[in-house]
file model.csv (CSV, C-alpha atoms)
chain,number,residue,atom,x,y,z
A,1,MET,CA,0.0,0.0,0.0
A,2,LYS,CA,1.4,3.4,-1.0
A,3,GLY,CA,1.1,6.3,1.4
A,4,ILE,CA,2.8,9.6,2.4
A,5,SER,CA,6.5,9.6,2.8
A,6,GLU,CA,8.1,9.0,6.2
A,7,ILE,CA,9.4,12.6,6.5
A,8,VAL,CA,5.9,14.1,5.7
A,9,ALA,CA,4.3,11.7,8.2
A,10,THR,CA,6.8,12.7,10.9
A,11,VAL,CA,6.2,16.4,10.3
A,12,LEU,CA,2.4,15.9,10.4
A,13,ALA,CA,2.7,13.9,13.6
A,14,ILE,CA,4.8,16.6,15.3
A,15,ALA,CA,2.5,19.3,14.0
A,16,LEU,CA,-0.5,17.4,15.4
A,17,VAL,CA,1.1,16.9,18.8
A,18,VAL,CA,2.1,20.6,19.0
A,19,LEU,CA,-1.5,21.6,18.0
A,20,ILE,CA,-3.2,19.3,20.5
A,21,GLY,CA,-0.6,20.4,23.2
A,22,GLY,CA,-1.4,24.1,22.5
A,23,ILE,CA,-5.2,23.5,22.7
A,24,VAL,CA,-4.9,21.5,25.9
A,25,GLY,CA,-2.4,24.1,27.4
A,26,THR,CA,-4.7,27.0,26.6
A,27,PHE,CA,-7.7,25.2,28.1
A,28,ILE,CA,-5.8,24.3,31.3
A,29,THR,CA,-4.5,27.8,31.7
A,30,ASN,CA,-7.9,29.4,31.3
A,31,PHE,CA,-9.5,26.8,33.5
A,32,ALA,CA,-7.0,27.2,36.3
A,33,LYS,CA,-7.3,31.0,36.1
A,34,SER,CA,-11.1,30.9,36.3
A,35,ARG,CA,-11.1,28.4,39.2
A,36,THR,CA,-8.6,30.4,41.3
A,37,ALA,CA,-9.9,33.9,40.5
A,38,ILE,CA,-12.5,34.0,43.3
A,39,THR,CA,-10.1,32.6,45.9
A,40,GLN,CA,-7.5,35.1,44.7
A,41,GLN,CA,-10.1,37.9,45.0
A,42,SER,CA,-11.0,36.8,48.5
A,43,SER,CA,-7.4,36.7,49.6
A,44,GLU,CA,-6.8,40.2,48.1
A,45,LYS,CA,-9.9,41.5,50.0
A,46,MET,CA,-8.7,40.0,53.3
A,47,THR,CA,-5.2,41.4,52.8
A,48,LYS,CA,-6.3,44.9,51.7
A,49,CYS,CA,-9.4,45.3,53.8
A,50,GLY,CA,-8.3,43.4,56.9
A,51,ASN,CA,-6.0,46.2,58.0
A,52,VAL,CA,-8.5,49.0,57.6
A,53,ILE,CA,-9.2,50.8,60.8
A,54,LEU,CA,-12.3,53.0,61.4
A,55,THR,CA,-12.3,54.9,64.7
A,56,ILE,CA,-15.4,56.2,66.4
A,57,ASP,CA,-14.3,59.5,67.8
A,58,GLU,CA,-17.6,60.4,69.6
A,59,ILE,CA,-21.2,59.3,70.1
A,60,LYS,CA,-23.3,62.1,71.5
A,61,THR,CA,-27.0,62.1,72.2
A,62,ASP,CA,-29.6,63.5,74.6
A,63,ALA,CA,-31.9,62.0,77.2
A,64,ASP,CA,-34.4,60.7,74.7
A,65,LEU,CA,-31.7,59.3,72.5
A,66,ASN,CA,-32.8,61.4,69.5
A,67,PRO,CA,-30.9,62.3,67.5
A,68,VAL,CA,-27.7,60.3,67.9
A,69,ASN,CA,-24.7,62.1,66.6
A,70,VAL,CA,-21.9,59.9,65.4
A,71,THR,CA,-18.4,61.2,64.6
A,72,PHE,CA,-15.8,58.8,63.2
A,73,THR,CA,-12.6,58.8,61.2
A,74,TYR,CA,-11.2,56.5,58.5
A,75,SER,CA,-7.8,56.2,60.3
A,76,ILE,CA,-5.8,53.6,58.5
A,77,GLY,CA,-6.2,51.8,55.2
A,78,SER,CA,-5.8,52.3,51.5
A,79,GLU,CA,-9.2,51.1,50.1
A,80,ASP,CA,-12.3,53.1,49.4
A,81,LEU,CA,-15.2,52.4,51.8
A,82,TYR,CA,-18.9,52.8,51.0
A,83,ASN,CA,-22.5,51.5,51.7
A,84,PHE,CA,-22.3,52.4,55.4
A,85,SER,CA,-24.8,51.2,58.1
A,86,VAL,CA,-25.1,52.2,61.7
A,87,PHE,CA,-26.4,49.8,64.4
A,88,LEU,CA,-27.6,51.3,67.7
A,89,ILE,CA,-28.3,49.2,70.8
A,90,ASP,CA,-29.8,50.6,74.0
A,91,THR,CA,-29.5,49.3,77.5
A,92,HIS,CA,-33.0,47.7,77.1
A,93,ALA,CA,-31.7,45.5,74.3
A,94,ASN,CA,-33.4,47.4,71.5
A,95,LEU,CA,-31.4,47.0,68.4
A,96,ASN,CA,-32.0,49.2,65.3
A,97,SER,CA,-30.0,50.0,62.2
A,98,THR,CA,-30.1,52.4,59.4
A,99,SER,CA,-28.4,52.9,56.0
A,100,SER,CA,-30.1,56.2,55.3
A,101,LEU,CA,-27.1,58.4,56.2
A,102,SER,CA,-26.2,61.9,55.1
A,103,PRO,CA,-23.6,62.3,53.7
A,104,ASN,CA,-24.0,58.9,52.0
A,105,TYR,CA,-20.9,57.2,50.7
A,106,ASN,CA,-21.2,54.9,47.7
A,107,THR,CA,-18.9,53.5,45.0
A,108,THR,CA,-18.9,56.8,43.0
A,109,ASN,CA,-18.4,58.9,46.2
A,110,PRO,CA,-16.5,56.7,48.6
A,111,LEU,CA,-15.0,57.5,52.0
A,112,ARG,CA,-11.2,57.7,51.8
A,113,VAL,CA,-8.5,57.3,54.4
A,114,GLY,CA,-8.1,60.4,56.5
A,115,ASN,CA,-11.7,61.5,56.1
A,116,HIS,CA,-13.7,62.5,59.1
A,117,VAL,CA,-17.5,61.9,59.1
A,118,PHE,CA,-20.3,63.4,61.1
A,119,TRP,CA,-23.8,61.9,61.0
A,120,SER,CA,-26.8,63.1,62.9
A,121,ILE,CA,-29.2,60.1,63.0
A,122,SER,CA,-32.9,60.6,63.7
A,123,THR,CA,-34.2,57.8,65.8
A,124,THR,CA,-37.8,58.8,65.8
A,125,GLY,CA,-40.0,55.7,66.0
A,126,TRP,CA,-37.1,53.4,66.9
A,127,GLY,CA,-38.3,52.7,70.4
A,128,LEU,CA,-34.9,53.4,72.0
A,129,SER,CA,-34.9,54.0,75.7
A,130,GLY,CA,-32.5,54.1,78.7
A,131,SER,CA,-29.1,54.9,77.3
A,132,LEU,CA,-26.9,53.7,74.4
A,133,SER,CA,-24.9,50.6,75.2
A,134,HIS,CA,-23.3,49.9,71.8
A,135,VAL,CA,-22.9,51.8,68.6
A,136,ARG,CA,-21.5,50.1,65.5
A,137,VAL,CA,-20.5,51.7,62.2
A,138,GLN,CA,-20.1,49.3,59.3
A,139,GLY,CA,-18.9,50.1,55.9
A,140,LEU,CA,-18.0,47.8,52.9
A,141,CYS,CA,-14.6,47.4,51.4
A,142,LYS,CA,-14.1,45.9,47.9
A,143,THR,CA,-17.9,45.2,47.5
A,144,ASP,CA,-18.6,42.9,50.4
A,145,TYR,CA,-15.9,42.9,53.1
A,146,PRO,CA,-17.5,44.5,56.2
A,147,VAL,CA,-15.3,47.0,58.0
A,148,ILE,CA,-16.5,47.7,61.5
A,149,ALA,CA,-15.9,50.2,64.3
A,150,ASP,CA,-17.5,49.8,67.7
A,151,CYS,CA,-18.2,52.1,70.6
A,152,LYS,CA,-19.6,50.7,73.8
A,153,SER,CA,-20.8,52.3,77.0
A,154,GLY,CA,-18.0,53.0,79.4
A,155,GLU,CA,-15.6,53.8,76.6
A,156,ALA,CA,-14.2,57.2,76.1
A,157,CYS,CA,-16.0,57.6,72.8
A,158,MET,CA,-19.5,57.3,74.4
A,159,LYS,CA,-20.2,60.8,75.7
B,1,MET,CA,0.3,-13.5,10.3
B,2,LYS,CA,-2.6,-11.5,8.9
B,3,GLY,CA,-4.2,-8.6,10.9
B,4,ILE,CA,-5.9,-5.2,10.5
B,5,SER,CA,-4.3,-2.8,8.0
B,6,THR,CA,-1.8,-0.2,9.2
B,7,PHE,CA,-4.3,2.6,8.4
B,8,ILE,CA,-7.1,1.1,10.5
B,9,ALA,CA,-4.6,0.3,13.3
B,10,THR,CA,-3.5,4.0,13.3
B,11,ILE,CA,-7.1,5.3,13.4
B,12,LEU,CA,-7.9,2.9,16.3
B,13,LEU,CA,-4.8,4.0,18.2
B,14,ILE,CA,-5.6,7.7,17.8
B,15,ALA,CA,-9.3,7.1,18.8
B,16,PHE,CA,-8.2,5.1,21.9
B,17,THR,CA,-5.7,7.8,22.9
B,18,VAL,CA,-8.3,10.6,22.4
B,19,ALA,CA,-10.9,8.6,24.4
B,20,VAL,CA,-8.4,8.0,27.3
B,21,GLY,CA,-7.4,11.6,27.2
B,22,GLY,CA,-11.0,12.7,27.3
B,23,ILE,CA,-11.8,10.5,30.3
B,24,ILE,CA,-8.7,11.7,32.2
B,25,SER,CA,-9.5,15.3,31.3
B,26,LEU,CA,-13.1,15.0,32.6
B,27,PHE,CA,-11.9,13.4,35.8
B,28,LEU,CA,-9.3,16.1,36.4
B,29,THR,CA,-11.8,18.9,35.5
B,30,GLY,CA,-14.4,17.6,38.0
B,31,PHE,CA,-11.7,17.0,40.7
B,32,THR,CA,-10.3,20.5,40.3
B,33,LYS,CA,-13.7,22.1,40.4
B,34,THR,CA,-14.6,20.2,43.7
B,35,GLN,CA,-11.2,21.1,45.3
B,36,THR,CA,-11.2,24.8,44.3
B,37,GLY,CA,-15.0,25.1,45.0
B,38,THR,CA,-14.5,24.4,48.7
B,39,ALA,CA,-11.6,27.0,48.9
B,40,GLU,CA,-13.8,29.5,46.9
B,41,SER,CA,-16.7,29.0,49.3
B,42,ILE,CA,-14.6,29.3,52.4
B,43,GLY,CA,-12.8,32.4,51.1
B,44,THR,CA,-16.1,34.1,50.1
B,45,ASN,CA,-17.7,33.4,53.4
B,46,VAL,CA,-14.7,34.5,55.5
B,47,THR,CA,-14.7,37.7,53.5
B,48,LYS,CA,-18.4,38.4,54.0
B,49,CYS,CA,-18.2,37.6,57.7
B,50,GLY,CA,-15.1,39.7,58.4
B,51,GLY,CA,-15.3,41.6,61.7
B,52,ILE,CA,-18.7,40.1,62.6
B,53,SER,CA,-19.2,39.2,66.2
B,54,ILE,CA,-22.0,38.3,68.6
B,55,ASP,CA,-22.9,41.1,71.0
B,56,ILE,CA,-23.8,40.0,74.5
B,57,LEU,CA,-25.9,42.8,75.7
B,58,SER,CA,-26.7,41.7,79.2
B,59,VAL,CA,-26.1,38.8,81.6
B,60,THR,CA,-28.4,38.7,84.6
B,61,SER,CA,-28.9,36.0,87.2
B,62,THR,CA,-31.7,34.5,85.0
B,63,SER,CA,-31.1,35.6,81.4
B,64,ILE,CA,-28.6,36.2,78.7
B,65,VAL,CA,-29.5,38.7,76.0
B,66,ILE,CA,-27.5,38.6,72.7
B,67,ALA,CA,-27.7,40.7,69.6
B,68,ASN,CA,-26.5,40.5,66.0
B,69,PRO,CA,-25.5,44.0,64.9
B,70,SER,CA,-24.4,42.9,61.4
B,71,SER,CA,-25.8,42.3,57.9
B,72,GLN,CA,-25.4,38.5,58.1
B,73,THR,CA,-27.5,35.9,59.9
B,74,ILE,CA,-25.8,34.0,62.7
B,75,THR,CA,-26.8,30.3,63.3
B,76,SER,CA,-26.1,27.4,65.7
B,77,ILE,CA,-25.5,29.7,68.7
B,78,THR,CA,-24.2,28.1,71.9
B,79,LEU,CA,-23.6,29.9,75.1
B,80,ILE,CA,-20.7,28.6,77.3
B,81,PRO,CA,-20.2,30.0,80.8
B,82,ASN,CA,-16.8,29.6,82.5
B,83,ASN,CA,-18.0,26.5,84.3
B,84,GLY,CA,-18.0,24.8,80.9
B,85,THR,CA,-21.6,23.7,80.8
B,86,SER,CA,-22.9,24.7,77.4
B,87,ILE,CA,-26.3,26.2,77.0
B,88,THR,CA,-28.1,25.9,73.7
B,89,GLY,CA,-28.9,29.4,72.3
B,90,PRO,CA,-31.1,30.3,69.4
B,91,SER,CA,-30.7,28.2,66.2
B,92,SER,CA,-30.7,31.4,64.2
B,93,LEU,CA,-30.2,35.1,65.0
B,94,ALA,CA,-31.2,37.3,62.1
B,95,SER,CA,-29.4,40.4,61.0
B,96,VAL,CA,-30.3,43.2,63.5
B,97,GLY,CA,-31.9,40.6,65.7
B,98,THR,CA,-31.9,40.0,69.5
B,99,ASN,CA,-32.6,37.0,71.6
B,100,THR,CA,-33.1,36.2,75.3
B,101,THR,CA,-32.0,32.8,76.7
B,102,THR,CA,-32.8,31.8,80.3
B,103,TRP,CA,-30.1,30.4,82.5
B,104,THR,CA,-29.0,30.4,86.1
B,105,LYS,CA,-25.9,32.5,86.6
B,106,GLY,CA,-24.7,30.9,89.9
B,107,THR,CA,-21.0,31.5,90.5
B,108,ASN,CA,-20.1,32.0,86.8
B,109,THR,CA,-18.0,35.0,86.0
B,110,SER,CA,-18.1,35.0,82.2
B,111,VAL,CA,-20.1,33.8,79.3
B,112,THR,CA,-18.9,33.3,75.7
B,113,ALA,CA,-21.4,33.1,72.8
B,114,TYR,CA,-20.3,31.0,69.8
B,115,GLY,CA,-22.1,30.9,66.4
B,116,LEU,CA,-21.7,30.4,62.7
B,117,CYS,CA,-21.8,33.2,60.1
B,118,LEU,CA,-23.0,31.9,56.7
B,119,SER,CA,-23.1,28.4,58.2
B,120,SER,CA,-19.3,28.1,58.2
B,121,VAL,CA,-17.3,30.9,59.8
B,122,ALA,CA,-17.1,30.9,63.6
B,123,VAL,CA,-18.0,34.1,65.3
B,124,LYS,CA,-18.2,34.8,69.1
B,125,GLY,CA,-18.8,37.4,71.8
B,126,VAL,CA,-17.7,37.5,75.4
B,127,CYS,CA,-19.1,39.1,78.5
B,128,SER,CA,-17.2,39.0,81.8
B,129,SER,CA,-17.9,40.2,85.3
B,130,GLY,CA,-16.8,43.8,85.7
B,131,GLU,CA,-18.1,44.7,82.2
B,132,SER,CA,-21.3,46.8,81.9
B,133,CYS,CA,-23.1,43.8,80.3
B,134,TRP,CA,-22.5,41.7,83.4
B,135,GLN,CA,-25.4,42.7,85.7
call {"tool": "encode", "arguments": {"input": "model.csv", "output": "structure tokens"}}
result
Amino acid sequence: MKGISEIVATVLAIALVVLIGGIVGTFITNFAKSRTAITQQSSEKMTKCGNVILTIDEIKTDADLNPVNVTFTYSIGSEDLYNFSVFLIDTHANLNSTSSLSPNYNTTNPLRVGNHVFWSISTTGWGLSGSLSHVRVQGLCKTDYPVIADCKSGEACMK
Amino acid sequence: MKGISTFIATILLIAFTVAVGGIISLFLTGFTKTQTGTAESIGTNVTKCGGISIDILSVTSTSIVIANPSSQTITSITLIPNNGTSITGPSSLASVGTNTTTWTKGTNTSVTAYGLCLSSVAVKGVCSSGESCWQ
């Protein structure tokens, strides 16, 4: 039986192996990248957002706990912070939170390191009584990493 | 000795190699997905639960009040006083939720609340005598 010459067969065989190797290599590279991307993002978030420090400078309110004035500083970090919430707990275990804050920080207008923030939060209808036992400020870093600052009764920040 | 032609032998050999390669590739793909999926899930949950803790609001002689001032639900909560006898807390504490568990304080001097954020990341809170929560 006649066929192609040995040299042509060898060249074709090598070309085929290189082609298949290239296809498999490209697939494996893309597959590995896609499978490790989320883990890589999580590690990056933990590294970059884990060292962010928010400091509550002062919590001031009056006898009826309305309004509650919150002053805090983005002390240390390099990432933008946004989508803030404030959680207020009184000494009678009433817990409320709000994300309606002014000024409001979002991805287009984030809070940056060194910035000081003052919020006057109206607590009308929240049912708070007694005194404040815990105030928490929470912002988000890199989409979903919560960065938290706390001020509890007895601490210097709780005026 | 007669046998199959060289051409058919080559085709069969290639087909066999491709089939074995395909089977191995499918196995490796599935295996890699399973292995990296777990790491992905843990990484995502740890990220979303960063900084979250259980807040023990008050510990009296008969009750322990806890709160969840966060945006995640905390589940499987257990309260462990310093005498080591664990007390089953609420199975779930919603975001911005509070719960009261009855107990007898006795001579205990601290309570630690343990729970899970996103069913996988351990979170806790502590209240000890001398703190304002210890009443």
call {"tool": "residues_around", "arguments": {"input": "model.csv", "residues": "region 117-120 of chain A", "least_positions_apart": "4", "cutoff": "8 Å", "atoms": "only C-alpha atoms", "output": "ChimeraX atom specification"}}
result
/A:67-73,101-103
call {"tool": "write_last_selection", "arguments": {"input": "model.csv", "atoms": "C-alpha atoms", "output": "short mmCIF file (atom, residue, chain, number, x, y, z; two decimals), in the frame of the given file"}}
result
data_model
loop_
_atom_site.label_atom_id
_atom_site.label_comp_id
_atom_site.auth_asym_id
_atom_site.auth_seq_id
_atom_site.Cartn_x
_atom_site.Cartn_y
_atom_site.Cartn_z
CA PRO A 67 -30.90 62.30 67.50
CA VAL A 68 -27.70 60.30 67.90
CA ASN A 69 -24.70 62.10 66.60
CA VAL A 70 -21.90 59.90 65.40
CA THR A 71 -18.40 61.20 64.60
CA PHE A 72 -15.80 58.80 63.20
CA THR A 73 -12.60 58.80 61.20
CA LEU A 101 -27.10 58.40 56.20
CA SER A 102 -26.20 61.90 55.10
CA PRO A 103 -23.60 62.30 53.70
#
call {"tool": "interface_residues", "arguments": {"input": "model.csv", "of": "chain A", "to": "chain B", "cutoff": "10 Å", "atoms": "all atoms listed in the file", "output": "PyMOL selection string"}}
result
chain A and resi 1+3+24+28+31-32+35-46+49-50+85-97+133-138+140-149+152-154
call {"tool": "atom_distance", "arguments": {"input": "model.csv", "atom1": "CA of Leu16 (chain A)", "atom2": "CA of Ala19 (chain B)"}}
result
16.3 Å
call {"tool": "closest_residue", "arguments": {"input": "model.csv", "among": "B:Gly84, B:Gly3, B:Gly22, B:Gly106", "to": "Ser61 (chain B)", "atoms": "only C-alpha atoms"}}
result
B:Gly106
call {"tool": "closest_residue", "arguments": {"input": "model.csv", "among": "B:Leu118, B:Ile4, B:Ala94, B:Val126", "to": "Thr78 (chain B)", "atoms": "all atoms listed in the file"}}
result
B:Val126
call {"tool": "atom_distance", "arguments": {"input": "model.csv", "atom1": "CA of Ser63 (chain B)", "atom2": "CA of Gly127 (chain A)"}}
result
21.6 Å
call {"tool": "atom_distance", "arguments": {"input": "model.csv", "atom1": "CA of Asn66 (chain A)", "atom2": "CA of Ser131 (chain A)"}}
result
10.8 Å
call {"tool": "closest_residue", "arguments": {"input": "model.csv", "among": "B:Ala113, B:Leu28, B:Val121, B:Ile14", "to": "Thr88 (chain B)", "atoms": "all atoms listed in the file"}}
result
B:Ala113
call {"tool": "closest_residue", "arguments": {"input": "model.csv", "among": "B:Leu79, B:Ile74, B:Ile87, B:Val111", "to": "Val123 (chain B)", "atoms": "all atoms listed in the file"}}
result
B:Ile74
call {"tool": "decode", "arguments": {"input": "model.csv", "residues": "region 16-37 of chain B", "atoms": "N, CA and C atoms", "output": "JSON list (two decimals), in the first residue's frame"}}
result
[["chain", "number", "residue", "atom", "x", "y", "z"],
["B", 16, "PHE", "N", -8.36, 5.61, 20.49],
["B", 16, "PHE", "CA", -8.17, 5.12, 21.85],
["B", 16, "PHE", "C", -7.48, 6.18, 22.72],
["B", 17, "THR", "N", -6.43, 6.81, 22.14],
["B", 17, "THR", "CA", -5.68, 7.84, 22.87],
["B", 17, "THR", "C", -6.59, 9.02, 23.20],
["B", 18, "VAL", "N", -7.39, 9.46, 22.21],
["B", 18, "VAL", "CA", -8.30, 10.59, 22.42],
["B", 18, "VAL", "C", -9.32, 10.24, 23.50],
["B", 19, "ALA", "N", -9.85, 9.00, 23.45],
["B", 19, "ALA", "CA", -10.86, 8.58, 24.43],
["B", 19, "ALA", "C", -10.28, 8.57, 25.84],
["B", 20, "VAL", "N", -9.08, 8.00, 25.99],
["B", 20, "VAL", "CA", -8.44, 7.96, 27.31],
["B", 20, "VAL", "C", -8.14, 9.38, 27.80],
["B", 21, "GLY", "N", -7.64, 10.22, 26.87],
["B", 21, "GLY", "CA", -7.36, 11.62, 27.21],
["B", 21, "GLY", "C", -8.62, 12.34, 27.67],
["B", 22, "GLY", "N", -9.72, 12.10, 26.97],
["B", 22, "GLY", "CA", -10.99, 12.73, 27.32],
["B", 22, "GLY", "C", -11.46, 12.31, 28.70],
["B", 23, "ILE", "N", -11.36, 11.00, 28.97],
["B", 23, "ILE", "CA", -11.80, 10.50, 30.29],
["B", 23, "ILE", "C", -10.96, 11.11, 31.41],
["B", 24, "ILE", "N", -9.64, 11.12, 31.21],
["B", 24, "ILE", "CA", -8.74, 11.71, 32.23],
["B", 24, "ILE", "C", -9.04, 13.19, 32.41],
["B", 25, "SER", "N", -9.25, 13.87, 31.29],
["B", 25, "SER", "CA", -9.54, 15.31, 31.33],
["B", 25, "SER", "C", -10.82, 15.59, 32.10],
["B", 26, "LEU", "N", -11.88, 14.79, 31.86],
["B", 26, "LEU", "CA", -13.14, 14.97, 32.57],
["B", 26, "LEU", "C", -12.95, 14.76, 34.07],
["B", 27, "PHE", "N", -12.19, 13.71, 34.41],
["B", 27, "PHE", "CA", -11.95, 13.42, 35.83],
["B", 27, "PHE", "C", -11.20, 14.58, 36.49],
["B", 28, "LEU", "N", -10.13, 15.06, 35.81],
["B", 28, "LEU", "CA", -9.32, 16.13, 36.39],
["B", 28, "LEU", "C", -10.12, 17.43, 36.51],
["B", 29, "THR", "N", -10.97, 17.70, 35.50],
["B", 29, "THR", "CA", -11.79, 18.91, 35.55],
["B", 29, "THR", "C", -12.73, 18.88, 36.75],
["B", 30, "GLY", "N", -13.43, 17.76, 36.90],
["B", 30, "GLY", "CA", -14.36, 17.61, 38.03],
["B", 30, "GLY", "C", -13.65, 17.69, 39.37],
["B", 31, "PHE", "N", -12.51, 17.01, 39.45],
["B", 31, "PHE", "CA", -11.74, 16.99, 40.69],
["B", 31, "PHE", "C", -11.28, 18.41, 41.06],
["B", 32, "THR", "N", -10.75, 19.13, 40.07],
["B", 32, "THR", "CA", -10.26, 20.49, 40.31],
["B", 32, "THR", "C", -11.40, 21.40, 40.75],
["B", 33, "LYS", "N", -12.57, 21.23, 40.07],
["B", 33, "LYS", "CA", -13.72, 22.07, 40.43],
["B", 33, "LYS", "C", -14.13, 21.82, 41.88],
["B", 34, "THR", "N", -14.17, 20.56, 42.29],
["B", 34, "THR", "CA", -14.55, 20.23, 43.67],
["B", 34, "THR", "C", -13.57, 20.84, 44.66],
["B", 35, "GLN", "N", -12.27, 20.64, 44.37],
["B", 35, "GLN", "CA", -11.25, 21.11, 45.30],
["B", 35, "GLN", "C", -11.23, 22.63, 45.40],
["B", 36, "THR", "N", -11.31, 23.33, 44.26],
["B", 36, "THR", "CA", -11.24, 24.79, 44.31],
["B", 36, "THR", "C", -12.57, 25.38, 44.76],
["B", 37, "GLY", "N", -13.67, 24.65, 44.53],
["B", 37, "GLY", "CA", -14.99, 25.12, 44.95],
["B", 37, "GLY", "C", -15.05, 25.29, 46.45]]
